[in-house]
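Below is start18.txt, holding compact mmCIF, C-alpha atoms.
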# COMPACT_ATOMS: atom_id res chain seq x y z
CA ARG W 1 99.08 149.18 136.79
CA LYS W 2 99.38 145.47 136.09
CA GLU W 3 99.14 143.14 139.07
CA VAL W 4 102.42 141.45 138.19
CA GLU W 5 105.07 143.19 136.11
CA GLN W 6 108.19 141.78 134.55
CA ASP W 7 110.84 142.99 132.15
CA PRO W 8 109.99 141.11 128.92
CA GLY W 9 113.64 140.86 127.86
CA PRO W 10 115.01 139.10 125.98
CA PHE W 11 118.07 138.52 128.09
CA ASN W 12 120.79 137.16 125.81
CA VAL W 13 123.62 135.65 127.86
CA PRO W 14 126.52 133.30 127.15
CA GLU W 15 126.75 129.87 128.71
CA GLY W 16 128.11 130.04 132.22
CA ALA W 17 126.81 133.52 132.90
CA THR W 18 124.79 134.55 135.91
CA VAL W 19 121.51 136.25 135.14
CA ALA W 20 118.85 137.77 137.38
CA PHE W 21 115.21 138.58 136.75
CA ASN W 22 113.03 140.81 138.85
CA CYS W 23 109.30 141.01 139.14
CA THR W 24 107.05 143.44 141.01
CA TYR W 25 103.54 142.86 142.28
CA SER W 26 100.89 145.39 143.17
CA ASN W 27 98.91 143.74 145.98
CA SER W 28 100.89 143.96 149.20
CA ALA W 29 98.68 141.31 150.81
CA SER W 30 99.56 138.64 148.26
CA GLN W 31 100.05 135.26 149.85
CA SER W 32 102.32 133.06 147.79
CA PHE W 33 104.81 133.50 145.01
CA PHE W 34 106.23 131.26 142.34
CA TRP W 35 108.41 131.13 139.28
CA TYR W 36 107.14 129.07 136.36
CA ARG W 37 109.13 128.18 133.29
CA GLN W 38 107.61 128.02 129.84
CA ASP W 39 109.47 126.63 126.86
CA CYS W 40 108.54 127.84 123.38
CA ARG W 41 105.09 126.54 122.40
CA LYS W 42 104.86 124.43 125.55
CA GLU W 43 102.86 124.67 128.74
CA PRO W 44 104.10 126.47 131.87
CA LYS W 45 105.73 124.30 134.52
CA LEU W 46 106.48 125.15 138.11
CA LEU W 47 110.15 125.99 138.57
CA MET W 48 110.12 126.89 142.24
CA SER W 49 108.13 128.47 144.99
CA VAL W 50 109.43 131.66 146.56
CA TYR W 51 109.59 131.85 150.33
CA SER W 52 110.11 134.85 152.56
CA SER W 53 113.42 133.46 153.71
CA GLY W 54 114.57 132.89 150.15
CA ASN W 55 115.21 129.50 148.69
CA GLU W 56 117.70 127.78 146.48
CA ASP W 57 117.42 124.82 144.15
CA GLY W 58 120.70 123.94 142.53
CA ARG W 59 121.69 126.82 140.25
CA PHE W 60 118.44 128.69 140.91
CA THR W 61 117.86 131.09 143.79
CA ALA W 62 114.59 132.90 144.46
CA GLN W 63 114.17 135.85 146.79
CA LEU W 64 111.13 137.71 148.06
CA ASN W 65 111.16 141.30 149.30
CA ARG W 66 107.73 142.00 150.77
CA ALA W 67 108.56 145.57 151.76
CA SER W 68 109.38 146.48 148.17
CA GLN W 69 106.93 144.01 146.68
CA TYR W 70 109.37 142.36 144.37
CA ILE W 71 110.52 138.86 143.64
CA SER W 72 113.77 137.86 142.03
CA LEU W 73 115.18 134.80 140.32
CA LEU W 74 118.90 134.26 139.99
CA ILE W 75 120.32 131.66 137.62
CA ARG W 76 123.98 130.79 138.02
CA ASP W 77 126.16 129.00 135.47
CA SER W 78 123.56 129.31 132.72
CA LYS W 79 123.05 126.33 130.43
CA LEU W 80 121.73 126.29 126.88
CA SER W 81 118.76 124.35 128.24
CA ASP W 82 117.83 127.28 130.49
CA SER W 83 116.60 129.17 127.41
CA ALA W 84 112.90 129.72 128.05
CA THR W 85 110.40 132.28 129.29
CA TYR W 86 110.27 132.70 133.04
CA LEU W 87 106.87 133.64 134.44
CA CYS W 88 106.52 135.40 137.78
CA VAL W 89 103.36 134.21 139.51
CA VAL W 90 101.52 135.61 142.51
CA ASN W 91 98.70 134.18 144.59
CA PRO W 92 96.51 137.14 145.66
CA PRO W 93 94.88 137.35 149.08
CA GLY W 94 91.79 135.27 149.60
CA GLY W 95 92.40 132.98 146.65
CA TYR W 96 94.50 130.02 147.59
CA ASN W 97 94.26 128.54 144.17
CA LYS W 98 94.12 131.69 142.09
CA LEU W 99 97.33 132.51 140.26
CA ILE W 100 98.16 135.82 138.60
CA PHE W 101 100.85 135.47 135.95
CA GLY W 102 103.26 138.08 134.73
CA ALA W 103 103.88 138.36 131.02
CA GLY W 104 107.21 136.58 131.38
CA THR W 105 110.88 137.32 130.83
CA ARG W 106 112.57 135.65 127.88
CA LEU W 107 116.02 134.18 128.41
CA ALA W 108 118.26 133.08 125.54
CA VAL W 109 121.50 131.36 126.47
CA HIS W 110 124.01 131.11 123.63
CA PRO W 111 127.21 129.05 123.26
CA GLU R 1 101.19 108.82 135.36
CA ALA R 2 99.36 110.72 132.64
CA GLY R 3 99.35 114.49 132.79
CA VAL R 4 96.57 116.86 131.87
CA VAL R 5 95.17 115.93 128.49
CA GLN R 6 93.68 118.45 126.11
CA SER R 7 92.18 118.19 122.66
CA PRO R 8 92.34 119.28 120.02
CA ARG R 9 95.89 120.61 120.00
CA TYR R 10 95.19 122.99 117.15
CA LYS R 11 92.00 124.46 115.75
CA ILE R 12 91.46 126.87 112.89
CA ILE R 13 88.00 128.27 112.37
CA GLU R 14 86.34 131.20 110.70
CA LYS R 15 84.87 133.97 112.80
CA LYS R 16 81.30 133.48 113.99
CA GLN R 17 81.80 129.69 114.07
CA PRO R 18 81.50 127.75 117.32
CA VAL R 19 84.43 125.87 118.84
CA ALA R 20 84.86 123.56 121.81
CA PHE R 21 87.90 122.45 123.78
CA TRP R 22 88.13 119.39 125.99
CA CYS R 23 90.25 118.74 129.07
CA ASN R 24 90.89 115.66 131.16
CA PRO R 25 92.70 116.55 134.40
CA ILE R 26 95.18 114.48 136.35
CA SER R 27 93.43 111.66 138.18
CA GLY R 28 92.50 112.66 141.71
CA HIS R 29 92.75 116.39 141.13
CA ASN R 30 89.59 118.09 142.32
CA THR R 31 90.32 121.57 140.98
CA LEU R 32 90.36 122.43 137.29
CA TYR R 33 91.23 125.70 135.60
CA TRP R 34 90.84 127.15 132.12
CA TYR R 35 93.32 129.84 131.14
CA ARG R 36 93.77 131.87 127.99
CA GLN R 37 97.25 132.89 126.91
CA ASN R 38 97.70 135.57 124.29
CA LEU R 39 100.96 135.91 122.40
CA GLY R 40 103.63 137.48 124.56
CA GLN R 41 101.48 137.39 127.70
CA GLY R 42 101.13 135.15 130.68
CA PRO R 43 98.11 132.87 131.13
CA GLU R 44 94.94 134.59 132.37
CA LEU R 45 92.37 132.64 134.35
CA LEU R 46 88.98 132.26 132.69
CA ILE R 47 87.25 129.90 135.09
CA ARG R 48 88.09 127.67 138.05
CA TYR R 49 86.18 124.61 139.18
CA GLU R 50 86.29 122.90 142.55
CA ASN R 51 84.84 119.50 141.75
CA GLU R 52 81.84 120.32 139.55
CA GLU R 53 81.25 123.81 140.96
CA ALA R 54 82.48 126.90 139.13
CA VAL R 55 83.90 128.94 142.02
CA ASP R 56 85.51 131.73 140.02
CA ASP R 57 84.26 132.69 136.58
CA SER R 58 84.66 136.44 136.92
CA GLN R 59 87.02 136.61 133.93
CA LEU R 60 84.89 134.46 131.62
CA PRO R 61 83.21 136.51 128.84
CA LYS R 62 79.81 135.04 129.44
CA ASP R 63 78.17 136.43 126.34
CA ARG R 64 80.08 133.98 124.15
CA PHE R 65 82.01 131.64 126.42
CA SER R 66 80.61 128.75 128.41
CA ALA R 67 82.16 125.91 130.34
CA GLU R 68 81.04 122.82 132.13
CA ARG R 69 82.57 120.13 134.27
CA LEU R 70 80.13 117.30 134.53
CA LYS R 71 80.76 114.75 137.29
CA GLY R 72 83.71 116.79 138.47
CA VAL R 73 86.22 115.24 136.09
CA ASP R 74 86.43 116.21 132.40
CA SER R 75 85.63 119.73 131.29
CA THR R 76 84.71 121.48 128.09
CA LEU R 77 85.11 125.12 127.20
CA LYS R 78 83.01 126.50 124.37
CA ILE R 79 83.06 129.70 122.38
CA GLN R 80 80.03 130.64 120.32
CA PRO R 81 80.40 132.61 118.16
CA ALA R 82 84.17 133.00 117.91
CA GLU R 83 85.68 136.40 117.18
CA LEU R 84 89.05 137.32 115.70
CA GLY R 85 90.27 138.42 119.13
CA ASP R 86 89.70 134.95 120.54
CA SER R 87 92.82 133.65 118.78
CA ALA R 88 95.04 132.43 121.61
CA VAL R 89 96.23 129.31 123.38
CA TYR R 90 93.65 127.86 125.75
CA LEU R 91 95.31 126.05 128.64
CA CYS R 92 93.71 123.68 131.07
CA ALA R 93 95.32 123.02 134.44
CA SER R 94 94.48 120.91 137.45
CA SER R 95 95.52 120.70 141.06
CA PHE R 96 94.46 119.20 144.35
CA LEU R 97 92.76 121.46 146.86
CA THR R 98 93.05 120.25 150.43
CA SER R 99 90.23 120.39 152.96
CA SER R 100 91.90 123.40 154.55
CA GLY R 101 91.61 125.29 151.29
CA ARG R 102 95.28 125.18 150.43
CA GLY R 103 96.04 124.45 146.83
CA GLU R 104 98.91 122.40 145.61
CA GLU R 105 100.91 122.82 142.42
CA GLN R 106 98.93 123.47 139.26
CA PHE R 107 99.81 121.19 136.37
CA PHE R 108 99.09 122.45 132.88
CA GLY R 109 98.06 120.60 129.78
CA PRO R 110 99.71 121.27 126.41
CA GLY R 111 96.96 123.69 125.39
CA THR R 112 94.78 124.19 122.35
CA ARG R 113 96.07 126.75 119.88
CA LEU R 114 93.03 128.49 118.38
CA THR R 115 93.23 130.58 115.24
CA VAL R 116 90.15 132.52 114.20
CA LEU R 117 90.21 133.76 110.60

As C-alpha cells, what does this structure read like?
Amino acid sequence: RKEVEQDPGPFNVPEGATVAFNCTYSNSASQSFFWYRQDCRKEPKLLMSVYSSGNEDGRFTAQLNRASQYISLLIRDSKLSDSATYLCVVNPPGGYNKLIFGAGTRLAVHP
Amino acid sequence: EAGVVQSPRYKIIEKKQPVAFWCNPISGHNTLYWYRQNLGQGPELLIRYENEEAVDDSQLPKDRFSAERLKGVDSTLKIQPAELGDSAVYLCASSFLTSSGRGEEQFFGPGTRLTVL
C-alpha cells in the first residue's frame, strides 16, 4: 500500500463548480499535512497546510480526519486558473522536514 | 527575492553517460532537498541536507547517484552512469529548519528535466 493515495482524476468541471478531492495516508502517526499545487511542467507550490480543526483560505477548504486517515480539499466557485494537479502531502512521524507526496489529482476547469 | 535556482533546465544524454545537476537554494535556508519526479507521480525524496550534512539519503541509489553540498549552500547531484529509467524531473527544494527541529515551508526550484536515450 502506498503511503499517500489519491484519485488521479482527471476531474473535469465547469467554471463555478464545487469540487472535492480526497487523499488517504497509511501511517496513523503522521504529523503534518499539506496540499501542494503543481501546474503543468512547473514546480510544486504550497497551497495550504491542513490542520486538525480544518482551515479555509478563500475558496479553498482543507479538512483532516485522523480517525479515518484521510485529508480533503474543497474548491468552491472553480476558476479556469484552478486547473492544475493537486498533491496531497504528509509529514511522517519523526521527520519534521520529510515530505511524502501523493501522485496528485488532476483538475481541469472548463468554460 | 530570488527563488531556488537550478541548472540546467533540460538535459538529454545517452545511457551510460554521466550527468550533473546544480542547485542554489534560497538565501538563508539551511536545509536542501533533492527530489525525483517521474511522469504522473509525485516527487520522491532522494536526499536531504541540513547545512552540509546529508541527514537522509536512504532513497538515493548509491551505486550510481552521488550528491554533495559543500559549504552548506549550493549542491550538485550526479548520476554516473545514467540509465534509461533515470529519465525524470529532478527537483531541488530548500527550507529553513529551526533550532527546535521544526521545518518551514519547502520551496521548489523549476527542476531539471532529464531524458536518457

Check: Which residues, protein or nucleic acid, reach to within 10 Å of (94.5, 128.1, 120.5) in the file's coordinates when using only C-alpha atoms, and can you give that as a PyMOL selection string?
Finding: chain R and resi 8-12+21+36-38+86-91+111-116

Note to self: At a cut-off of 7 Å, using all atoms listed in the file, what residues contact Leu99 in chain W? Leave out same-chain residues fewer than 6 positions from it and give the result as a list in words.
What the structure shows: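 Final neighbour list, sorted by chain and number: Val89, Val90 and Asn91 of chain W.
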
Note to self: So that I can check the surroundings of Tyr51 in chain W, please list as a list in words every protein, DNA and RNA residue that reaches within 10 Å of it, counting all atoms listed in the file and ignoring chain neighbours fewer than 3 positions away.
What the structure shows: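 Here the qualifying residues turn out to be Ser32, Phe33, Phe34, Met48, Gly54, Asn55, Glu56, Ala62, Gln63, Leu64, Asn65 and Ile71 of chain W.
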
Check: For chain R, which residue out of W:Val109, W:Val13, W:Leu73, W:Leu46 is the nearest one, using only C-alpha atoms?
Finding: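 Smallest distance to chain R is found for W:Leu46.
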
Could you list the residues in chain R lying within 8 Å of chain W, using all atoms listed in the file, and format the result as a short mmCIF file (atom, residue, chain, number, x, y, z; two decimals) with C-alpha atoms, in the coordinates of the input?
data_model
loop_
_atom_site.label_atom_id
_atom_site.label_comp_id
_atom_site.auth_asym_id
_atom_site.auth_seq_id
_atom_site.Cartn_x
_atom_site.Cartn_y
_atom_site.Cartn_z
CA GLY R 40 103.63 137.48 124.56
CA GLN R 41 101.48 137.39 127.70
CA GLY R 42 101.13 135.15 130.68
CA PRO R 43 98.11 132.87 131.13
CA GLU R 44 94.94 134.59 132.37
CA LEU R 45 92.37 132.64 134.35
CA LEU R 91 95.31 126.05 128.64
CA LEU R 97 92.76 121.46 146.86
CA GLY R 101 91.61 125.29 151.29
CA ARG R 102 95.28 125.18 150.43
CA GLY R 103 96.04 124.45 146.83
CA GLU R 104 98.91 122.40 145.61
CA GLU R 105 100.91 122.82 142.42
CA GLN R 106 98.93 123.47 139.26
CA PHE R 107 99.81 121.19 136.37
CA PHE R 108 99.09 122.45 132.88
CA GLY R 109 98.06 120.60 129.78
CA PRO R 110 99.71 121.27 126.41
CA GLY R 111 96.96 123.69 125.39
#

Next item on the list: For range 47-62 of chain R, please output as a list in words all residues within 9 Å (counting all atoms listed in the file; exclusion window: fewer than 2 positions along the same chain).
Entry: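 Neighbouring residues, sequence-local ones excluded: Asn97 and Lys98 of chain W; His29, Asn30, Thr31, Leu32, Tyr33, Trp34, Tyr35, Glu44, Leu45, Arg64, Phe65, Ser66, Ala67, Glu68, Arg69, Leu70, Lys71, Gly72, Val73 and Leu97 of chain R.
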
Check: For Ala2 in chain R, which residue among R:Ala20, R:Gly28, R:Glu14, R:Ala82 is the nearest when counting all atoms listed in the file?
Finding: R:Gly28

Leaving out Asn27 in chain W and any residue of its chain fewer than 4 positions from it, which residues lie within 9 Å of it when counting only C-alpha atoms, given as a compact mmCIF listing (two decimals) with C-alpha atoms, in the coordinates of the input?
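Wrote it out as selection-v9.txt, contents follow:
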# COMPACT_ATOMS: atom_id res chain seq x y z
CA GLU W 3 99.14 143.14 139.07
CA VAL W 4 102.42 141.45 138.19
CA GLN W 69 106.93 144.01 146.68
CA PRO W 92 96.51 137.14 145.66
CA PRO W 93 94.88 137.35 149.08

Note to self: Restricting the calculation to only C-alpha atoms: of W:Leu107, W:Lys2, W:Asp7, W:Thr24, which residue gets closest to Ser81 in chain W?
What the structure shows: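 Looking at the shortest contact to Ser81 in chain W, the residue is W:Leu107.
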
Next item on the list: Would you please work out which residue, of W:Asn12, W:Cys23, W:Tyr36, W:Arg1, is nearest to Pro111 in chain W when using all atoms listed in the file?
Entry: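 Ranking W:Asn12, W:Cys23, W:Tyr36, W:Arg1 by distance to Pro111 in chain W, first place goes to W:Asn12.
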
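Here CA of Val4 in chain R and CA of Ile26 in chain R stand 5.3 Å from one another.
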
Next item on the list: Tell me which of R:Leu46, R:Asp63, R:Val5, R:Thr76 sits closest to Asn24 in chain R, counting all atoms listed in the file.
Entry: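 Between R:Leu46, R:Asp63, R:Val5, R:Thr76, the residue approaching Asn24 in chain R most closely is R:Val5.
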
Margin query: Using all atoms listed in the file for the distances, tell me which of W:Glu5, W:Phe21, W:Ser30, W:Ser72 is nearest to Val50 in chain W.
Written below: W:Ser72

Check: What separation in Å, quoted to one decimal, exists between CA of Asp57 in chain W and CA of Ser95 in chain R?
Finding: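 It comes out at 22.5 Å.
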
Checklist line | Pairwise distance for CA of Thr61 in chain W and CA of Ser28 in chain W, rounded to one decimal in Å | finding: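 If I compute the distance from CA of Thr61 in chain W to CA of Ser28 in chain W, I get 22.0 Å.
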